[in-house]
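Structure data (compact mmCIF, C-alpha atoms) from final-v8.txt:
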```txt
# COMPACT_ATOMS: atom_id res chain seq x y z
CA MET A 30 -88.50 16.27 -29.00
CA LEU A 31 -85.00 14.85 -28.87
CA ASN A 32 -82.01 16.86 -30.04
CA CYS A 33 -79.15 15.40 -32.10
CA LYS A 34 -76.89 14.89 -29.13
CA GLU A 35 -79.53 12.81 -27.38
CA VAL A 36 -80.23 10.89 -30.57
CA THR A 37 -76.55 9.95 -30.97
CA GLU A 38 -76.65 8.58 -27.43
CA LEU A 39 -79.70 6.50 -28.25
CA CYS A 40 -77.98 5.20 -31.39
CA SER A 41 -75.32 3.75 -29.16
CA GLU A 42 -77.77 2.65 -26.49
CA GLU A 43 -79.81 0.64 -28.99
CA MET A 44 -76.70 -1.40 -29.71
CA GLU A 45 -76.69 -2.48 -26.08
CA ARG A 46 -80.32 -3.11 -25.24
CA LYS A 47 -83.76 -2.97 -26.74
CA LEU A 48 -85.03 0.56 -26.34
CA PRO A 49 -88.37 1.18 -24.67
CA MET A 50 -91.19 1.90 -27.11
CA ARG A 51 -91.30 5.59 -26.29
CA GLU A 52 -87.63 6.07 -27.06
CA ARG A 53 -87.91 4.05 -30.25
CA ILE A 54 -90.69 6.31 -31.46
CA PHE A 55 -88.80 9.50 -30.65
CA LEU A 56 -85.72 8.10 -32.32
CA ARG A 57 -87.62 7.22 -35.48
CA MET A 58 -89.28 10.61 -35.65
CA HIS A 59 -85.98 12.38 -35.33
CA LEU A 60 -84.21 10.17 -37.87
CA ALA A 61 -86.98 10.76 -40.37
CA MET A 62 -86.16 14.46 -40.33
CA CYS A 63 -82.44 14.56 -39.73
CA SER A 64 -79.96 13.28 -42.33
CA GLY A 65 -77.01 14.03 -40.04
CA CYS A 66 -78.28 11.61 -37.41
CA ARG A 67 -79.20 9.05 -40.07
CA HIS A 68 -75.63 9.09 -41.31
CA PHE A 69 -74.34 8.96 -37.74
CA ARG A 70 -76.44 5.87 -37.10
CA SER A 71 -75.20 4.14 -40.22
CA HIS A 72 -71.62 4.94 -39.18
CA MET A 73 -72.30 3.24 -35.84
CA GLY A 74 -73.53 0.15 -37.65
CA PHE A 75 -70.51 0.18 -39.91
CA ILE A 76 -68.08 0.46 -36.98
CA ARG A 77 -69.66 -2.61 -35.39
CA GLN A 78 -69.49 -4.49 -38.70
CA ALA A 79 -65.83 -3.56 -39.13
CA ALA A 80 -64.97 -4.55 -35.56
CA ARG A 81 -66.57 -7.97 -36.01
CA LYS A 82 -64.77 -8.58 -39.24
CA TYR A 83 -61.50 -7.50 -37.71
CA ALA A 84 -61.99 -9.83 -34.76
CA GLU A 85 -62.53 -12.73 -37.15
CA GLY A 86 -59.15 -12.06 -38.63
CA GLY A 87 -60.85 -10.58 -41.65
CA ALA A 88 -58.82 -7.42 -42.09
CA ALA A 89 -57.52 -7.34 -45.63
CA SER A 90 -53.81 -7.87 -45.79
CA ASP A 91 -51.62 -8.83 -48.71
CA ARG A 92 -51.60 -12.48 -47.68
CA ASP A 93 -55.32 -12.88 -47.52
CA THR A 94 -57.88 -13.81 -49.97
CA LYS A 95 -61.09 -12.08 -49.11
CA GLY A 96 -63.79 -14.18 -47.61
CA MET B 7 -39.26 -26.01 -32.27
CA VAL B 8 -43.02 -26.33 -32.33
CA LYS B 9 -44.21 -29.86 -32.43
CA ILE B 10 -47.17 -30.82 -34.48
CA SER B 11 -49.52 -33.52 -33.38
CA PRO B 12 -50.88 -35.88 -36.01
CA ALA B 13 -53.33 -33.74 -37.89
CA SER B 14 -56.38 -34.85 -39.76
CA SER B 15 -56.61 -31.46 -41.39
CA ALA B 16 -53.07 -31.32 -42.56
CA ASP B 17 -53.01 -27.65 -43.36
CA VAL B 18 -52.50 -26.45 -39.83
CA THR B 19 -48.79 -26.25 -39.99
CA ALA B 20 -46.43 -24.19 -37.96
CA ALA B 21 -45.60 -22.27 -41.10
CA ALA B 22 -49.22 -21.34 -41.75
CA LEU B 23 -49.58 -20.16 -38.17
CA LEU B 24 -46.38 -18.23 -38.37
CA ALA B 25 -47.79 -16.27 -41.27
CA ILE B 26 -50.80 -15.26 -39.19
CA ARG B 27 -48.83 -14.62 -36.04
CA LYS B 28 -48.07 -10.99 -36.78
CA ASP B 29 -51.74 -10.18 -37.21
CA MET B 30 -52.56 -12.07 -34.03
CA LEU B 31 -49.97 -10.12 -32.13
CA ARG B 32 -51.29 -6.79 -33.32
CA PHE B 33 -54.83 -7.84 -32.44
CA ALA B 34 -53.77 -8.84 -28.92
CA GLU B 35 -51.64 -5.76 -28.39
CA LEU B 36 -54.45 -3.45 -29.35
CA GLN B 37 -56.54 -4.95 -26.60
CA LEU B 38 -54.04 -5.58 -23.86
CA ARG B 39 -51.73 -2.61 -24.47
CA ASP B 40 -48.96 -4.73 -23.07
CA ALA B 41 -46.48 -6.30 -25.46
CA HIS B 42 -45.45 -8.99 -23.02
CA ALA B 43 -48.98 -10.09 -22.18
CA ALA B 44 -49.87 -10.01 -25.88
CA GLU B 45 -46.92 -12.24 -26.67
CA ASP B 46 -48.11 -14.69 -24.00
CA VAL B 47 -51.70 -14.97 -25.17
CA VAL B 48 -50.62 -15.35 -28.79
CA GLN B 49 -48.20 -18.11 -27.82
CA ASP B 50 -50.97 -19.84 -25.85
CA ALA B 51 -53.30 -19.58 -28.80
CA VAL B 52 -50.73 -20.92 -31.26
CA GLU B 53 -49.98 -23.88 -29.01
CA ALA B 54 -53.67 -24.58 -28.50
CA ALA B 55 -54.20 -24.46 -32.25
CA LEU B 56 -51.37 -26.88 -32.87
CA ARG B 57 -52.70 -29.26 -30.22
CA SER B 58 -56.17 -29.34 -31.66
CA THR B 59 -55.65 -29.33 -35.38
CA SER B 60 -58.20 -32.09 -35.67
CA ALA B 61 -60.84 -29.62 -34.50
CA PHE B 62 -60.14 -27.45 -37.51
CA SER B 63 -62.72 -28.54 -40.01
CA GLY B 64 -61.70 -26.39 -42.90
CA ARG B 65 -65.14 -24.78 -42.96
CA ALA B 66 -63.78 -21.51 -41.71
CA SER B 67 -60.54 -20.08 -42.93
CA LEU B 68 -57.57 -21.04 -40.82
CA LYS B 69 -57.19 -17.44 -39.76
CA THR B 70 -60.78 -17.16 -38.56
CA TRP B 71 -60.39 -20.38 -36.61
CA VAL B 72 -57.14 -19.30 -34.98
CA PHE B 73 -58.57 -15.87 -34.18
CA ALA B 74 -61.48 -17.53 -32.40
CA ILE B 75 -58.98 -19.39 -30.23
CA LEU B 76 -57.04 -16.19 -29.64
CA LYS B 77 -60.19 -14.30 -28.60
CA ASN B 78 -60.87 -16.94 -25.96
CA LYS B 79 -57.34 -16.63 -24.66
CA ILE B 80 -57.64 -12.85 -24.46
CA ALA B 81 -61.01 -13.11 -22.71
CA ASP B 82 -59.48 -15.53 -20.18
CA HIS B 83 -56.58 -13.19 -19.63
CA LEU B 84 -58.91 -10.24 -19.00
CA ARG B 85 -61.00 -12.27 -16.57
CA GLN B 86 -57.93 -13.31 -14.66
CA HIS B 87 -56.49 -9.83 -14.54
CA LYS B 88 -59.60 -7.82 -13.93
CA HIS B 89 -58.30 -6.49 -10.67
CA THR B 90 -55.10 -5.24 -12.16
CA ALA B 91 -56.79 -3.45 -15.01
CA PRO B 92 -55.77 0.20 -14.80
CA LEU B 93 -59.29 1.51 -14.85
CA SER B 94 -58.96 3.88 -11.96
CA SER B 95 -58.09 6.52 -14.51
CA LEU B 96 -61.63 6.72 -15.79
CA ALA B 97 -61.33 10.46 -15.79
CA GLY B 98 -58.43 10.32 -18.25
CA ASP B 99 -58.61 13.07 -20.79
CA GLU B 100 -62.30 13.58 -20.26
CA ASP B 101 -62.01 17.36 -20.16
CA GLU B 102 -60.47 17.54 -23.57
CA TRP B 103 -62.99 15.04 -24.79
CA GLY B 104 -65.85 17.06 -23.39
CA GLN B 105 -64.71 20.04 -25.39
CA LYS B 106 -64.52 17.99 -28.57
CA LEU B 107 -68.01 16.72 -28.00
CA GLU B 108 -69.26 20.23 -27.44
CA ALA B 109 -67.72 21.18 -30.76
CA LEU B 110 -70.02 18.75 -32.57
CA PHE B 111 -73.26 20.27 -31.33
CA ASN B 112 -74.60 23.77 -30.80
CA ASP B 113 -75.94 24.86 -27.44
CA LYS B 114 -79.33 23.36 -28.24
CA GLY B 115 -77.72 19.98 -28.91
CA PHE B 116 -78.13 20.00 -32.69
CA TRP B 117 -75.29 19.34 -35.14
CA ARG B 118 -73.21 22.34 -35.99
CA PRO B 119 -73.47 22.66 -39.79
CA GLU B 120 -69.81 21.88 -40.46
CA MET B 121 -69.95 18.86 -38.14
CA ARG B 122 -73.09 17.29 -39.54
CA PRO B 123 -72.30 13.67 -40.48
CA ALA B 124 -72.05 12.94 -44.19
CA PRO B 125 -72.22 9.55 -45.90
CA TRP B 126 -69.13 7.34 -45.88
CA PRO B 127 -67.78 5.26 -48.74
CA ASP B 128 -69.41 1.95 -49.57
CA PRO B 129 -68.99 -0.39 -46.56
CA GLU B 130 -68.09 -3.53 -48.49
CA GLU B 131 -65.51 -1.67 -50.48
CA SER B 132 -64.00 -0.22 -47.32
CA LEU B 133 -63.82 -3.56 -45.56
CA SER B 134 -61.81 -5.12 -48.36
CA ASN B 135 -59.36 -2.25 -48.54
CA GLN B 136 -56.00 -2.54 -46.81
CA GLN B 137 -55.70 1.18 -46.30
CA PHE B 138 -59.01 1.21 -44.45
CA TRP B 139 -57.72 -1.37 -41.97
CA ARG B 140 -54.58 0.59 -41.35
CA VAL B 141 -56.71 3.60 -40.45
CA PHE B 142 -58.97 1.42 -38.32
CA GLU B 143 -56.04 0.07 -36.32
CA ALA B 144 -54.51 3.50 -35.90
CA CYS B 145 -57.82 4.88 -34.64
CA LEU B 146 -58.22 2.06 -32.10
CA ASP B 147 -54.68 2.60 -30.96
CA HIS B 148 -55.47 6.26 -30.50
CA LEU B 149 -58.31 5.65 -28.04
CA PRO B 150 -57.45 6.13 -24.37
CA ALA B 151 -56.65 2.73 -22.88
CA HIS B 152 -59.66 2.38 -20.59
CA ILE B 153 -62.10 3.31 -23.35
CA ALA B 154 -60.38 1.04 -25.84
CA ARG B 155 -60.44 -1.88 -23.42
CA ILE B 156 -64.17 -1.66 -22.91
CA PHE B 157 -64.93 -1.10 -26.58
CA MET B 158 -62.89 -4.11 -27.63
CA MET B 159 -64.33 -6.35 -24.91
CA ARG B 160 -67.70 -5.47 -26.32
CA GLU B 161 -67.09 -5.52 -30.06
CA PHE B 162 -64.18 -7.92 -30.52
CA LEU B 163 -64.70 -10.43 -27.75
CA GLY B 164 -68.48 -10.25 -27.69
CA PHE B 165 -68.96 -9.67 -23.97
CA ASP B 166 -72.29 -8.02 -23.29
CA SER B 167 -72.25 -4.76 -21.41
CA ALA B 168 -73.57 -6.34 -18.21
CA GLU B 169 -70.61 -8.71 -18.10
CA ILE B 170 -68.16 -5.90 -18.78
CA CYS B 171 -69.57 -3.83 -15.93
CA GLU B 172 -69.43 -6.74 -13.58
CA GLN B 173 -65.82 -7.51 -14.45
CA LEU B 174 -64.68 -3.94 -14.17
CA GLY B 175 -66.89 -2.86 -11.30
CA LEU B 176 -68.72 -0.20 -13.31
CA THR B 177 -72.37 0.66 -13.36
CA LEU B 178 -74.29 -0.30 -16.48
CA ARG B 179 -74.90 3.35 -17.18
CA ASN B 180 -71.20 4.05 -16.94
CA CYS B 181 -70.43 1.24 -19.36
CA HIS B 182 -72.92 2.54 -21.88
CA VAL B 183 -71.52 6.05 -21.64
CA ILE B 184 -67.98 4.77 -22.20
CA LEU B 185 -69.05 2.64 -25.16
CA HIS B 186 -70.80 5.62 -26.66
CA ARG B 187 -67.72 7.77 -26.26
CA ALA B 188 -65.56 5.10 -27.84
CA ARG B 189 -67.87 4.92 -30.84
CA VAL B 190 -68.08 8.69 -31.24
CA ARG B 191 -64.32 8.98 -31.08
CA LEU B 192 -63.77 6.15 -33.51
CA ARG B 193 -66.30 7.67 -35.84
CA GLY B 194 -64.49 10.99 -35.73
CA CYS B 195 -61.13 9.38 -36.35
CA LEU B 196 -62.34 7.08 -39.14
CA GLY B 197 -64.17 9.98 -40.73
CA GLU B 198 -61.00 12.02 -40.87
CA GLY B 199 -58.73 9.18 -41.89
CA TRP B 200 -60.98 7.34 -44.27
CA GLY B 201 -64.45 8.76 -44.72
CA GLN B 202 -63.39 12.01 -46.29
CA SER B 203 -60.09 11.36 -47.95
CA ARG B 204 -60.64 8.48 -50.28
CA GLY B 205 -58.41 8.29 -53.29
CA SER B 206 -56.01 10.92 -52.10
```
Show me, as structure tokens, the structure contained in the file I just sent.
Amino acid sequence: MLNCKEVTELCSEEMERKLPMRERIFLRMHLAMCSGCRHFRSHMGFIRQAARKYAEGGAASDRDTKG
Amino acid sequence: MVKISPASSADVTAAALLAIRKDMLRFAELQLRDAHAAEDVVQDAVEAALRSTSAFSGRASLKTWVFAILKNKIADHLRQHKHTAPLSSLAGDEDEWGQKLEALFNDKGFWRPEMRPAPWPDPEESLSNQQFWRVFEACLDHLPAHIARIFMMREFLGFDSAEICEQLGLTLRNCHVILHRARVRLRGCLGEGWGQSRGS
């Protein structure tokens, strides 16, 4: 079984490459049981989303209209 | 001072670019950590934008279009200066960082109860909030330079990790570890600055 520390590493790793089947299964099993790691994973996704938006000039500032 | 070529999309004016310039400069500075170099790439990008106004179709917002040009300029700059990148200091503050990481997990590698991640505010709401972006910028600025560089090459400029490693002479494993550390640090910083203190 994976511990939380290892799972957080996989959450980052999966953003870089497709994980091997075995790791995907372990990751899923752990996430099913662990809300902390589920939240961690969603934070990772959010950080990527924010970074992309920022790099498109999409950070809200008083001049901008959202879009 | 800036000359404008005949534009089919008339909206690309020096004035419109000037309004965006401050944001461009901050974006470049975050990545290059060098005010002079940032000034140069932004100037290049502004000139390129003014030269090619006809390429601006109006589909994207002007800012998105100009940022795309700026990202290319920054990527070029990084490629040209890869050998001068101060990445020898990979050790940096790794000791301190190691202790922080240890503080998240118990000795079996499971979350310590008080460190267990909790949900963050609604993503869409966050992304349209000015205060969120101030925290985001501050957190990026707070990352050690070598970690920030790699994170931003990956997430802002869209390099894949293989290309980053190649440019910086790192192993793929090393790159992944650094990206992970960047994300964990950003998560910690955003959590403190934004995730927990909404409305206060």
Compile a residue-level contact table for chain B against chain A at a cut-off of 8 Å, reporting for every qualifying residue the shortest atom pair and its distance in Å to one decimal, with all atoms listed in the file counted, rows ordered by chain and ascending number, as CSV.
```
residue,atom,partner,partner_atom,distance
B:Asp29,CA,A:Gly86,CA,7.8
B:Phe33,CA,A:Ala84,CA,7.8
B:Lys69,CA,A:Gly86,CA,5.8
B:Thr70,CA,A:Glu85,CA,5.0
B:Trp71,CA,A:Glu85,CA,8.0
B:Phe73,CA,A:Glu85,CA,5.9
B:Ala74,CA,A:Glu85,CA,6.8
B:Lys77,CA,A:Ala84,CA,7.8
B:Phe111,CA,A:Lys34,CA,6.9
B:Lys114,CA,A:Asn32,CA,7.3
B:Gly115,CA,A:Lys34,CA,5.2
B:Phe116,CA,A:Cys33,CA,4.7
B:Trp117,CA,A:Cys33,CA,6.3
B:Arg122,CA,A:Gly65,CA,5.1
B:Pro123,CA,A:Gly65,CA,4.7
B:Ala124,CA,A:His68,CA,6.0
B:Pro125,CA,A:His68,CA,5.7
B:Trp126,CA,A:His72,CA,7.5
B:Pro129,CA,A:Phe75,CA,6.8
B:Leu133,CA,A:Ala79,CA,6.7
B:Ser134,CA,A:Ala89,CA,5.5
B:Asn135,CA,A:Ala89,CA,6.1
B:Gln136,CA,A:Ala89,CA,5.2
B:Trp139,CA,A:Ala88,CA,6.2
B:Glu161,CA,A:Ala80,CA,6.0
B:Phe162,CA,A:Ala84,CA,5.1
B:Leu163,CA,A:Ala84,CA,7.5
B:Asp166,CA,A:Glu45,CA,7.6
B:Ser167,CA,A:Glu45,CA,6.8
B:His182,CA,A:Glu42,CA,6.7
B:Leu185,CA,A:Ser41,CA,7.5
B:His186,CA,A:Ser41,CA,5.5
B:Arg189,CA,A:Met73,CA,6.9
B:Leu192,CA,A:Ile76,CA,7.9
B:Arg193,CA,A:His72,CA,6.8
```
Worksheet entry | Pick from B:Ala20, B:Val47, B:Leu149, B:Ile26 nearest to Leu76 of chain B, counting only C-alpha atoms | B:Val47
Item to complete: Quote the spacing between atom CA of Ile80 of chain B and atom CA of Glu35 of chain B in Å to one decimal place.
Response: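 Distance between the two atoms: 10.1 Å.
Of note, atom CA of Glu45 of chain B and atom CA of Met30 of chain B are spaced 9.3 Å apart.
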Fill in: Coordinates-based distance that separates atom CA of Gly201 of chain B from atom CA of Val141 of chain B (Å, one decimal)
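Between atom CA of Val141 of chain B and atom CA of Gly201 of chain B the gap is 10.2 Å.
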Item to complete: Name all residues at most 10 Å from Cys171 of chain B (count all atoms listed in the file; drop same-chain ones fewer than 5 positions away) and give them as a VMD selection string.
Response: chain B and resid 156 165 to 166 176 to 182
Item to complete: Identify which of the residues B:Ala34, B:Cys145, B:Thr19, B:Glu131 lies closest to Leu68 of chain B, counting all atoms listed in the file when measuring atom-to-atom distances.
Response: B:Thr19
Discussion item. Give me, as a list in words, all polymer residues having an atom no more than 10 Å from Arg53 of chain A, counting only C-alpha atoms and skipping those fewer than 6 positions away in the same chain.
Written reply: Leu39, Glu43, Lys47 and His59 of chain A
Complete the atom set of segment 50-61 of chain B to all heavy atoms and return it as a PDB file, in the frame of the given file.
```pdb
ATOM      1  N   ASP B  50     -49.955 -18.879 -26.329  1.00  0.00           N
ATOM      2  CA  ASP B  50     -50.970 -19.840 -25.850  1.00  0.00           C
ATOM      3  C   ASP B  50     -51.888 -20.273 -26.967  1.00  0.00           C
ATOM      4  O   ASP B  50     -52.221 -21.440 -27.112  1.00  0.00           O
ATOM      5  CB  ASP B  50     -51.839 -19.182 -24.762  1.00  0.00           C
ATOM      6  CG  ASP B  50     -51.173 -19.243 -23.400  1.00  0.00           C
ATOM      7  OD1 ASP B  50     -50.073 -19.800 -23.315  1.00  0.00           O
ATOM      8  OD2 ASP B  50     -51.777 -18.724 -22.437  1.00  0.00           O
ATOM      9  N   ALA B  51     -52.337 -19.293 -27.732  1.00  0.00           N
ATOM     10  CA  ALA B  51     -53.300 -19.580 -28.800  1.00  0.00           C
ATOM     11  C   ALA B  51     -52.667 -20.448 -29.886  1.00  0.00           C
ATOM     12  O   ALA B  51     -53.279 -21.394 -30.384  1.00  0.00           O
ATOM     13  CB  ALA B  51     -53.847 -18.282 -29.391  1.00  0.00           C
ATOM     14  N   VAL B  52     -51.417 -20.137 -30.221  1.00  0.00           N
ATOM     15  CA  VAL B  52     -50.730 -20.920 -31.260  1.00  0.00           C
ATOM     16  C   VAL B  52     -50.562 -22.362 -30.784  1.00  0.00           C
ATOM     17  O   VAL B  52     -50.827 -23.316 -31.528  1.00  0.00           O
ATOM     18  CB  VAL B  52     -49.359 -20.291 -31.590  1.00  0.00           C
ATOM     19  CG1 VAL B  52     -48.504 -21.246 -32.414  1.00  0.00           C
ATOM     20  CG2 VAL B  52     -49.556 -18.971 -32.343  1.00  0.00           C
ATOM     21  N   GLU B  53     -50.159 -22.527 -29.529  1.00  0.00           N
ATOM     22  CA  GLU B  53     -49.980 -23.880 -29.010  1.00  0.00           C
ATOM     23  C   GLU B  53     -51.292 -24.643 -28.960  1.00  0.00           C
ATOM     24  O   GLU B  53     -51.365 -25.814 -29.312  1.00  0.00           O
ATOM     25  CB  GLU B  53     -49.330 -23.828 -27.618  1.00  0.00           C
ATOM     26  CG  GLU B  53     -47.841 -23.543 -27.707  1.00  0.00           C
ATOM     27  CD  GLU B  53     -47.220 -23.206 -26.361  1.00  0.00           C
ATOM     28  OE1 GLU B  53     -47.879 -23.431 -25.324  1.00  0.00           O
ATOM     29  OE2 GLU B  53     -46.069 -22.717 -26.356  1.00  0.00           O
ATOM     30  N   ALA B  54     -52.353 -23.933 -28.538  1.00  0.00           N
ATOM     31  CA  ALA B  54     -53.670 -24.580 -28.500  1.00  0.00           C
ATOM     32  C   ALA B  54     -54.101 -24.987 -29.906  1.00  0.00           C
ATOM     33  O   ALA B  54     -54.667 -26.065 -30.113  1.00  0.00           O
ATOM     34  CB  ALA B  54     -54.699 -23.636 -27.868  1.00  0.00           C
ATOM     35  N   ALA B  55     -53.828 -24.135 -30.868  1.00  0.00           N
ATOM     36  CA  ALA B  55     -54.200 -24.460 -32.250  1.00  0.00           C
ATOM     37  C   ALA B  55     -53.441 -25.691 -32.737  1.00  0.00           C
ATOM     38  O   ALA B  55     -54.014 -26.587 -33.353  1.00  0.00           O
ATOM     39  CB  ALA B  55     -53.921 -23.255 -33.163  1.00  0.00           C
ATOM     40  N   LEU B  56     -52.168 -25.742 -32.422  1.00  0.00           N
ATOM     41  CA  LEU B  56     -51.370 -26.880 -32.870  1.00  0.00           C
ATOM     42  C   LEU B  56     -51.791 -28.187 -32.192  1.00  0.00           C
ATOM     43  O   LEU B  56     -51.729 -29.251 -32.782  1.00  0.00           O
ATOM     44  CB  LEU B  56     -49.877 -26.621 -32.594  1.00  0.00           C
ATOM     45  CG  LEU B  56     -49.222 -25.590 -33.515  1.00  0.00           C
ATOM     46  CD1 LEU B  56     -47.822 -25.239 -33.012  1.00  0.00           C
ATOM     47  CD2 LEU B  56     -49.143 -26.122 -34.947  1.00  0.00           C
ATOM     48  N   ARG B  57     -52.245 -28.062 -30.948  1.00  0.00           N
ATOM     49  CA  ARG B  57     -52.700 -29.260 -30.220  1.00  0.00           C
ATOM     50  C   ARG B  57     -54.009 -29.804 -30.767  1.00  0.00           C
ATOM     51  O   ARG B  57     -54.307 -30.972 -30.633  1.00  0.00           O
ATOM     52  CB  ARG B  57     -52.896 -28.930 -28.742  1.00  0.00           C
ATOM     53  CG  ARG B  57     -51.646 -29.094 -27.888  1.00  0.00           C
ATOM     54  CD  ARG B  57     -52.019 -29.182 -26.414  1.00  0.00           C
ATOM     55  NE  ARG B  57     -52.868 -28.076 -25.991  1.00  0.00           N
ATOM     56  CZ  ARG B  57     -52.397 -26.896 -25.569  1.00  0.00           C
ATOM     57  NH1 ARG B  57     -51.108 -26.679 -25.523  1.00  0.00           N
ATOM     58  NH2 ARG B  57     -53.233 -25.944 -25.211  1.00  0.00           N
ATOM     59  N   SER B  58     -54.811 -28.908 -31.313  1.00  0.00           N
ATOM     60  CA  SER B  58     -56.170 -29.340 -31.660  1.00  0.00           C
ATOM     61  C   SER B  58     -56.457 -29.192 -33.148  1.00  0.00           C
ATOM     62  O   SER B  58     -57.531 -28.801 -33.550  1.00  0.00           O
ATOM     63  CB  SER B  58     -57.190 -28.552 -30.853  1.00  0.00           C
ATOM     64  OG  SER B  58     -57.014 -27.169 -31.110  1.00  0.00           O
ATOM     65  N   THR B  59     -55.447 -29.479 -33.938  1.00  0.00           N
ATOM     66  CA  THR B  59     -55.650 -29.330 -35.380  1.00  0.00           C
ATOM     67  C   THR B  59     -56.824 -30.152 -35.879  1.00  0.00           C
ATOM     68  O   THR B  59     -57.442 -29.804 -36.878  1.00  0.00           O
ATOM     69  CB  THR B  59     -54.391 -29.770 -36.146  1.00  0.00           C
ATOM     70  OG1 THR B  59     -53.953 -31.004 -35.598  1.00  0.00           O
ATOM     71  CG2 THR B  59     -53.300 -28.727 -36.037  1.00  0.00           C
ATOM     72  N   SER B  60     -57.113 -31.242 -35.177  1.00  0.00           N
ATOM     73  CA  SER B  60     -58.200 -32.090 -35.670  1.00  0.00           C
ATOM     74  C   SER B  60     -59.549 -31.386 -35.524  1.00  0.00           C
ATOM     75  O   SER B  60     -60.518 -31.744 -36.173  1.00  0.00           O
ATOM     76  CB  SER B  60     -58.227 -33.415 -34.910  1.00  0.00           C
ATOM     77  OG  SER B  60     -58.371 -33.147 -33.537  1.00  0.00           O
ATOM     78  N   ALA B  61     -59.589 -30.348 -34.670  1.00  0.00           N
ATOM     79  CA  ALA B  61     -60.840 -29.620 -34.500  1.00  0.00           C
ATOM     80  C   ALA B  61     -61.066 -28.625 -35.643  1.00  0.00           C
ATOM     81  O   ALA B  61     -62.158 -28.099 -35.817  1.00  0.00           O
ATOM     82  CB  ALA B  61     -60.842 -28.860 -33.166  1.00  0.00           C
TER      83      ALA B  61
END
```
